[in-house]
Structure formats: C-alpha cells, structure tokens
file my_file.txt (compact mmCIF, C-alpha atoms and all ligand atoms)
# COMPACT_ATOMS: atom_id res chain seq x y z
CA MET A 1 -29.14 -8.67 5.58
CA THR A 2 -26.54 -8.80 2.82
CA ARG A 3 -22.83 -9.43 3.09
CA ARG A 4 -20.57 -6.39 2.84
CA PRO A 5 -17.28 -6.38 0.93
CA VAL A 6 -14.37 -7.50 3.09
CA ALA A 7 -10.73 -6.43 2.69
CA LEU A 8 -7.68 -7.79 4.52
CA THR A 9 -4.49 -5.89 5.29
CA ILE A 10 -1.30 -7.78 6.13
CA ALA A 11 0.97 -5.08 7.53
CA GLY A 12 2.76 -3.49 10.46
CA SER A 13 1.27 -1.46 13.29
CA ASP A 14 2.17 2.26 13.47
CA SER A 15 1.67 3.37 17.09
CA GLY A 16 1.29 6.96 15.84
CA GLY A 17 -1.79 5.92 13.84
CA GLY A 18 -0.72 7.57 10.58
CA ALA A 19 0.51 4.63 8.50
CA GLY A 20 0.47 0.84 8.48
CA ILE A 21 -2.46 -1.19 9.80
CA GLN A 22 -4.06 1.89 11.34
CA ALA A 23 -4.07 3.82 8.05
CA ASP A 24 -5.38 0.79 6.20
CA LEU A 25 -8.30 0.15 8.55
CA LYS A 26 -9.33 3.82 8.63
CA THR A 27 -9.17 3.91 4.84
CA PHE A 28 -11.24 0.71 4.55
CA LEU A 29 -13.81 2.37 6.80
CA GLY A 30 -13.81 5.48 4.62
CA CYS A 31 -14.33 3.27 1.58
CA HIS A 32 -17.22 1.39 3.20
CA VAL A 33 -15.64 -2.06 3.30
CA HIS A 34 -15.20 -4.25 6.35
CA GLY A 35 -11.49 -4.26 7.24
CA MET A 36 -9.58 -7.21 8.72
CA SER A 37 -5.93 -7.28 9.71
CA ALA A 38 -3.00 -9.66 10.04
CA ILE A 39 -0.27 -7.82 11.94
CA THR A 40 3.32 -8.58 10.90
CA ALA A 41 5.23 -6.32 13.27
CA VAL A 42 4.62 -3.71 15.92
CA THR A 43 6.49 -0.45 15.48
CA ALA A 44 7.03 2.04 18.30
CA GLN A 45 6.69 5.13 16.16
CA ASN A 46 5.66 8.77 16.34
CA SER A 47 5.69 11.75 14.01
CA THR A 48 9.48 12.05 14.27
CA GLY A 49 10.42 8.48 13.33
CA VAL A 50 10.54 4.79 14.22
CA ALA A 51 12.06 4.04 17.65
CA GLY A 52 11.55 0.26 17.75
CA ILE A 53 10.38 -2.68 15.66
CA TYR A 54 9.03 -5.93 17.14
CA GLU A 55 8.44 -8.61 14.51
CA LEU A 56 5.88 -11.37 14.98
CA ALA A 57 6.67 -15.00 14.18
CA ALA A 58 5.81 -15.90 10.60
CA SER A 59 3.52 -18.64 11.95
CA ALA A 60 1.54 -16.00 13.89
CA VAL A 61 1.06 -13.98 10.70
CA ALA A 62 -0.06 -17.10 8.79
CA GLU A 63 -2.47 -18.05 11.58
CA GLN A 64 -4.15 -14.63 11.55
CA ILE A 65 -4.66 -14.93 7.79
CA ASP A 66 -5.86 -18.54 7.94
CA VAL A 67 -8.47 -18.05 10.64
CA VAL A 68 -10.13 -15.00 9.12
CA VAL A 69 -10.09 -16.27 5.55
CA SER A 70 -11.43 -19.73 6.46
CA ASP A 71 -14.31 -18.29 8.50
CA ILE A 72 -15.13 -14.88 7.05
CA GLY A 73 -13.61 -14.92 3.57
CA VAL A 74 -12.10 -11.90 1.84
CA GLU A 75 -12.73 -10.09 -1.44
CA ALA A 76 -9.32 -8.37 -1.75
CA THR A 77 -6.04 -8.26 0.20
CA LYS A 78 -3.15 -5.83 0.53
CA THR A 79 0.30 -6.19 2.01
CA GLY A 80 2.33 -3.38 3.60
CA MET A 81 5.31 -3.68 5.95
CA LEU A 82 6.33 -7.37 5.93
CA ALA A 83 9.54 -6.92 7.94
CA ASN A 84 11.48 -10.08 7.00
CA ALA A 85 11.85 -12.98 4.57
CA ASP A 86 10.08 -15.57 6.76
CA ILE A 87 6.94 -13.40 6.89
CA ILE A 88 7.11 -12.74 3.13
CA ASN A 89 7.36 -16.47 2.46
CA ALA A 90 4.42 -17.16 4.81
CA VAL A 91 2.29 -14.57 3.00
CA ALA A 92 3.19 -15.96 -0.42
CA ASP A 93 2.33 -19.44 0.84
CA ALA A 94 -1.05 -18.19 2.13
CA ALA A 95 -1.71 -16.54 -1.24
CA SER A 96 -1.10 -19.88 -2.98
CA ARG A 97 -3.30 -21.89 -0.55
CA LEU A 98 -6.21 -19.53 0.12
CA GLN A 99 -8.67 -17.38 -1.78
CA LEU A 100 -7.37 -13.91 -0.88
CA GLY A 101 -8.98 -12.13 -3.85
CA PRO A 102 -6.90 -9.65 -5.83
CA LEU A 103 -3.57 -9.11 -4.03
CA VAL A 104 -2.14 -5.57 -3.82
CA VAL A 105 1.53 -5.54 -2.76
CA ASP A 106 2.80 -2.21 -1.44
CA PRO A 107 6.53 -3.04 -1.30
CA VAL A 108 7.24 -1.07 1.87
CA CYS A 109 11.00 -0.81 2.49
CA ALA A 110 11.44 2.32 4.64
CA SER A 111 9.51 5.15 6.28
CA GLN A 112 9.58 8.70 4.98
CA HIS A 113 12.09 9.43 7.73
CA GLY A 114 14.37 6.79 6.20
CA ASP A 115 13.90 4.21 8.95
CA PRO A 116 14.13 0.69 7.45
CA LEU A 117 10.89 -1.34 7.67
CA LEU A 118 12.18 -4.36 5.72
CA ARG A 119 15.36 -6.30 6.45
CA GLN A 120 17.96 -6.00 3.68
CA ASP A 121 18.09 -9.77 3.22
CA ALA A 122 14.31 -9.89 2.62
CA ILE A 123 14.41 -8.05 -0.70
CA THR A 124 15.17 -11.22 -2.66
CA ALA A 125 12.15 -12.96 -1.07
CA LEU A 126 9.94 -9.98 -1.92
CA VAL A 127 11.06 -10.05 -5.55
CA GLU A 128 11.19 -13.81 -6.09
CA THR A 129 8.35 -15.07 -3.89
CA LEU A 130 5.72 -12.36 -3.44
CA LEU A 131 5.79 -10.22 -6.59
CA PRO A 132 4.82 -13.18 -8.81
CA CYS A 133 1.63 -13.60 -6.69
CA ALA A 134 0.66 -9.93 -6.93
CA ASP A 135 -2.20 -8.57 -8.98
CA LEU A 136 -0.83 -5.06 -8.40
CA VAL A 137 2.48 -3.78 -7.03
CA THR A 138 2.67 -0.11 -6.00
CA PRO A 139 6.30 1.06 -5.57
CA ASN A 140 7.44 4.64 -5.12
CA LEU A 141 10.68 5.61 -6.84
CA GLY A 142 12.82 4.65 -3.84
CA GLU A 143 11.24 1.20 -3.83
CA VAL A 144 11.73 0.94 -7.61
CA LYS A 145 15.46 1.41 -7.03
CA VAL A 146 15.54 -1.23 -4.28
CA LEU A 147 13.57 -3.77 -6.34
CA THR A 148 15.12 -3.22 -9.79
CA GLY A 149 18.26 -1.13 -9.34
CA LEU A 150 16.81 1.48 -11.72
CA VAL A 151 17.19 5.16 -10.89
CA VAL A 152 14.17 7.03 -12.25
CA ASP A 153 14.03 10.76 -12.86
CA ASP A 154 11.46 11.24 -15.63
CA LEU A 155 8.41 9.71 -17.35
CA ASP A 156 10.49 7.51 -19.68
CA GLY A 157 12.30 6.16 -16.63
CA MET A 158 8.96 5.42 -14.93
CA ARG A 159 7.85 3.44 -17.99
CA ALA A 160 11.13 1.49 -18.09
CA ALA A 161 10.74 0.72 -14.39
CA ALA A 162 7.14 -0.43 -14.91
CA ARG A 163 8.34 -2.82 -17.65
CA ALA A 164 11.15 -4.18 -15.47
CA LEU A 165 8.78 -4.73 -12.54
CA HIS A 166 6.14 -6.34 -14.74
CA ASP A 167 8.79 -8.83 -15.91
CA LEU A 168 9.07 -9.94 -12.25
CA GLY A 169 5.53 -11.35 -12.35
CA PRO A 170 2.81 -9.00 -11.06
CA LYS A 171 -0.20 -8.54 -13.36
CA TRP A 172 -0.24 -4.76 -12.94
CA VAL A 173 2.38 -2.24 -11.85
CA LEU A 174 1.73 1.25 -10.48
CA VAL A 175 4.93 3.31 -10.40
CA LYS A 176 4.32 6.31 -8.14
CA GLY A 177 6.23 9.40 -9.22
CA GLY A 178 5.25 11.58 -6.27
CA HIS A 179 8.90 12.33 -5.51
CA LEU A 180 9.68 13.73 -8.98
CA PRO A 181 10.03 17.52 -9.20
CA SER A 182 7.02 18.05 -11.50
CA ALA A 183 3.99 20.33 -11.11
CA ASP A 184 1.60 17.38 -10.78
CA ALA A 185 1.95 14.09 -8.88
CA LEU A 186 2.31 11.63 -11.78
CA ASP A 187 1.85 7.85 -11.51
CA VAL A 188 2.14 5.28 -14.30
CA LEU A 189 -0.08 2.17 -14.40
CA TYR A 190 1.05 -0.71 -16.63
CA ASP A 191 -0.44 -4.12 -17.44
CA GLY A 192 2.32 -5.41 -19.70
CA THR A 193 0.74 -3.80 -22.77
CA ASP A 194 -0.54 -0.28 -22.15
CA PHE A 195 0.66 2.61 -20.02
CA ILE A 196 -1.91 4.79 -18.29
CA GLU A 197 -0.75 8.08 -16.80
CA LEU A 198 -2.56 9.27 -13.69
CA THR A 199 -2.04 12.83 -12.54
CA ALA A 200 -3.23 14.75 -9.52
CA PRO A 201 -2.42 18.29 -8.40
CA ARG A 202 0.60 18.38 -6.08
CA ARG A 203 -0.11 19.72 -2.59
CA ASP A 204 2.54 21.65 -0.74
CA THR A 205 2.40 20.01 2.68
CA PRO A 206 4.95 18.13 4.83
CA HIS A 207 2.09 16.16 6.44
CA THR A 208 2.05 13.17 4.11
CA HIS A 209 2.69 10.31 6.54
CA GLY A 210 0.70 7.29 5.39
CA THR A 211 0.20 8.40 1.79
CA GLY A 212 1.36 5.14 0.19
CA ASP A 213 -0.65 2.95 2.58
CA THR A 214 -3.79 5.01 1.99
CA LEU A 215 -3.47 4.76 -1.80
CA ALA A 216 -2.96 0.99 -1.69
CA ALA A 217 -5.73 0.49 0.89
CA ALA A 218 -8.29 2.57 -1.03
CA THR A 219 -7.39 0.68 -4.22
CA THR A 220 -7.80 -2.64 -2.36
CA ALA A 221 -11.16 -1.51 -1.00
CA ALA A 222 -12.37 -0.70 -4.51
CA LEU A 223 -11.20 -4.12 -5.72
CA ALA A 224 -13.05 -5.71 -2.78
CA ALA A 225 -16.20 -3.90 -3.87
CA GLY A 226 -15.85 -5.41 -7.34
CA ALA A 227 -14.11 -2.72 -9.39
CA ASP A 228 -11.76 -3.64 -12.24
CA MET A 229 -8.09 -2.72 -11.79
CA ILE A 230 -8.08 0.57 -13.72
CA THR A 231 -11.22 1.80 -11.97
CA ALA A 232 -9.84 0.69 -8.58
CA VAL A 233 -6.49 2.47 -9.04
CA ARG A 234 -8.27 5.65 -10.17
CA ALA A 235 -10.49 5.41 -7.09
CA GLY A 236 -7.43 4.86 -4.90
CA LYS A 237 -5.66 7.86 -6.36
CA ALA A 238 -8.75 10.07 -5.94
CA TYR A 239 -9.09 8.89 -2.34
CA VAL A 240 -5.46 9.61 -1.42
CA THR A 241 -5.53 12.99 -3.16
CA ALA A 242 -8.48 14.01 -0.98
CA ALA A 243 -6.68 12.55 2.06
CA VAL A 244 -3.59 14.70 1.33
CA ASP A 245 -5.91 17.71 1.02
CA ASP A 246 -7.23 16.74 4.47
CA SER A 247 -3.78 16.20 6.06
CA PHE A 248 -2.99 17.92 9.33
CA PRO A 249 -0.08 18.63 11.70
CA LEU A 250 0.40 16.21 14.59
CA GLY A 251 3.35 15.89 16.96
CA LYS A 252 6.72 17.52 16.31
CA GLY A 253 7.36 15.92 12.91
CA LEU A 254 5.37 14.78 9.89
CA GLY A 255 1.61 14.72 10.39
CA PRO A 256 -0.70 12.17 8.72
CA VAL A 257 -2.98 12.40 5.73
CA GLY A 258 -6.69 12.44 6.62
CA HIS A 259 -7.41 8.77 5.87
CA PHE A 260 -11.04 9.05 6.87
CA TRP A 261 -11.89 12.38 5.21
CA ARG A 262 -15.06 10.89 3.76
CA VAL A 263 -16.55 9.96 7.12
CA ARG A 264 -15.73 13.13 9.09
CA PRO A 265 -18.92 14.80 10.40
CA GLU A 266 -18.52 17.87 8.18
CA ALA A 267 -18.10 15.59 5.13
CA ALA A 268 -21.56 14.15 5.85
CA SER A 269 -23.32 17.53 6.01
N1 LIG A 301 5.13 2.46 9.56
C1 LIG A 301 4.49 1.42 9.06
C2 LIG A 301 4.07 0.34 9.99
C3 LIG A 301 4.22 1.37 7.70
O1 LIG A 301 3.59 0.31 7.18
C4 LIG A 301 4.65 2.42 6.85
C5 LIG A 301 4.37 2.41 5.42
O2 LIG A 301 3.85 1.51 4.86
C6 LIG A 301 5.32 3.47 7.42
C7 LIG A 301 5.52 3.46 8.77
C8 LIG A 301 5.85 4.58 6.60
O3 LIG A 301 4.91 5.49 6.25
P1 LIG A 301 5.40 6.82 5.57
O4 LIG A 301 6.43 6.41 4.55
O5 LIG A 301 4.18 7.36 4.93
O6 LIG A 301 5.98 7.66 6.63
call {"tool": "encode", "arguments": {"input": "my_file.txt", "output": "structure tokens"}}
result
Amino acid sequence: MTRRPVALTIAGSDSGGGAGIQADLKTFLGCHVHGMSAITAVTAQNSTGVAGIYELAASAVAEQIDVVVSDIGVEATKTGMLANADIINAVADAASRLQLGPLVVDPVCASQHGDPLLRQDAITALVETLLPCADLVTPNLGEVKVLTGLVVDDLDGMRAAARALHDLGPKWVLVKGGHLPSADALDVLYDGTDFIELTAPRRDTPHTHGTGDTLAAATTAALAAGADMITAVRAGKAYVTAAVDDSFPLGKGLGPVGHFWRVRPEAAS
C-alpha cells in the first residue's frame, strides 16, 4: 500500500455546499488527493447569500492544523476564508512552524453576492503576515483592489497588479481577470520575472458559485501530487473551466460549479 498525496484546506464552511471547505474537499476528491480541513468559520449560507457567520477561535484553527500535520503530514495547503486577523496570524504562525508544503493563498474577502467574508481590520494582517508566506496568491480583480488599491481594467493593469502583489512577498501571483469584459477569461501568472497569460473560453452562466475556491483547490491538489507551479496552475484552470461547464442551477440564486465533474458516473463511462 502506498501513501496518497494529501492536501489541506484552511477555510470557511459554506452550508450551501457550493464554496469554501465543501468546494475544496469535493475538488480534492475529483483530483484524486486525500483532503483534510481546518475550519475557520461556519457560514449560514444558501444560493441567495450569507445570512450568518460564526468564527472559530484562532487556537481552534491552529489545533486542527497541528494535529493533522503532526500525524498525517501534508503535501500542499490552501487557505480560503480566514475571517479575521487572529486566524490569519495563527495560520501564518503554523506555516512558519510546520511543513505545510506549497501554500496557496486565495485572499477571500467577499462572496459573489457582496457579503463580507473577511473583517475590514484583517486586511493588513493578510498583506503583512500571510502573503509573505505564500507560494501562490490567487486574487480576483476585486481582491486586487482591496490588497493593493489598484483598479484594473485591462491586461496592462493585470500585469501592474501582479508586480505590486509580488512585491508583497508571495513567490507566484495569479491575477484572475474573469470579471473583465473580454471574450475569454484571462488570468495572468507571474513569478517576479515572466508573465504567463492563461485563457479559457468564457461561459455564459450565472451559476459560478465556488469558482475561485475550485481553481485554488485544484491547483493545490496538483501541487500536492508533485506538479511544478506552472503545471499546477494550468491544471487548476483546466479543472475549473470544466467545472463551470458542469455548473447547474440550485436554489433561488446562484448555483454552484460542478466541483466533482470528473467523478460523476457519466464521466466514468
Ligand atoms: N463562502 C465561503 C465559506 C467561501 O470560502 C467563499 C469563497 O471563498 C464564498 C462563500 C464565496 O464564494 P463565491 O464568491 O464563489 O460566491
């Protein structure tokens, strides 16, 4: 019996199952890695928005990370909703003490409905404490504005934002341009030297809940399986593009992407 790759998500619970911890674990499954979780906050959430947020103590988040890493070990880790500065500081501390593997930071600030998922006073901690520990940070354009103050509306702006974010310490930056009004969904990957443009056909669907989590989780899974960063991000982008193709309506609002498209019965036939 051989060990299987293990990935850890440190993120919030989405009771609707479309984003957060639930999206990450389904995506890890679809990418054939064993998924572990450290929950930061529980959201009461459905397809129409976030009704309530219940944050865990930072010590409870640290304990979840400590016990799984010390026993099981982990090949790659991602962070999602971190809720507040104490939790961010606890995660950064864990990253400095423990072998978490490559660290993918999805700097989640708000849901697609505009509900805040990070306290305003936690942004400084995210920038100053966690970004310097990150191997990859994956902001959308709204998160770019929160983290750098830059307003991006074209490819040159995405490159400038990638440079500004790289100066904050992460080894790689993926600026996601999905909200730009272009024919394709364009992302820019930057390592401090070269820019790589990644494009995928844009799909006309409102059911995109969990897109960012799925991209970051699939990228983390590929890193856990041993891929280099460029290969992992390409795999993540391919995975989320197929998940958007597999999205479906659910509830009265925004439905989820199909995180587990690869393991649906018809996908196996
Ligand atoms: N809820 C939780 C717990 C999340 O972690 C996230 C995103 O990371 C969201 C909601 C928002 O997902 P979306 O922006 O795709 O609606």
call {"tool": "residues_near_ligand", "arguments": {"input": "my_file.txt", "ligand": "ligand LIG 301 (chain A)", "cutoff": "10 Å", "atoms": "all atoms listed in the file", "output": "VMD selection string"}}
result
chain A and resid 10 to 24 39 to 50 53 79 to 83 106 to 118 140 207 to 214 216 254 to 257
call {"tool": "residues_around", "arguments": {"input": "my_file.txt", "residues": "Ala161 (chain A)", "least_positions_apart": "3", "cutoff": "10 Å", "atoms": "all atoms listed in the file", "output": "PyMOL selection string"}}
result
chain A and resi 139+141+144-145+147-152+155-158+164-167+173-175+188
call {"tool": "atom_distance", "arguments": {"input": "my_file.txt", "atom1": "CA of Val127 (chain A)", "atom2": "CA of Ser70 (chain A)"}}
result
27.3 Å
call {"tool": "residues_around", "arguments": {"input": "my_file.txt", "residues": "region 30-36 of chain A", "least_positions_apart": "2", "cutoff": "7 Å", "atoms": "all atoms listed in the file", "output": "number ranges by chain"}}
result
A: 4-9, 25-28, 218, 221, 260, 262-263
call {"tool": "residues_around", "arguments": {"input": "my_file.txt", "residues": "Leu198 (chain A)", "least_positions_apart": "6", "cutoff": "10 Å", "atoms": "all atoms listed in the file", "output": "number ranges by chain"}}
result
A: 174, 176-177, 184-189, 233-234, 237-238
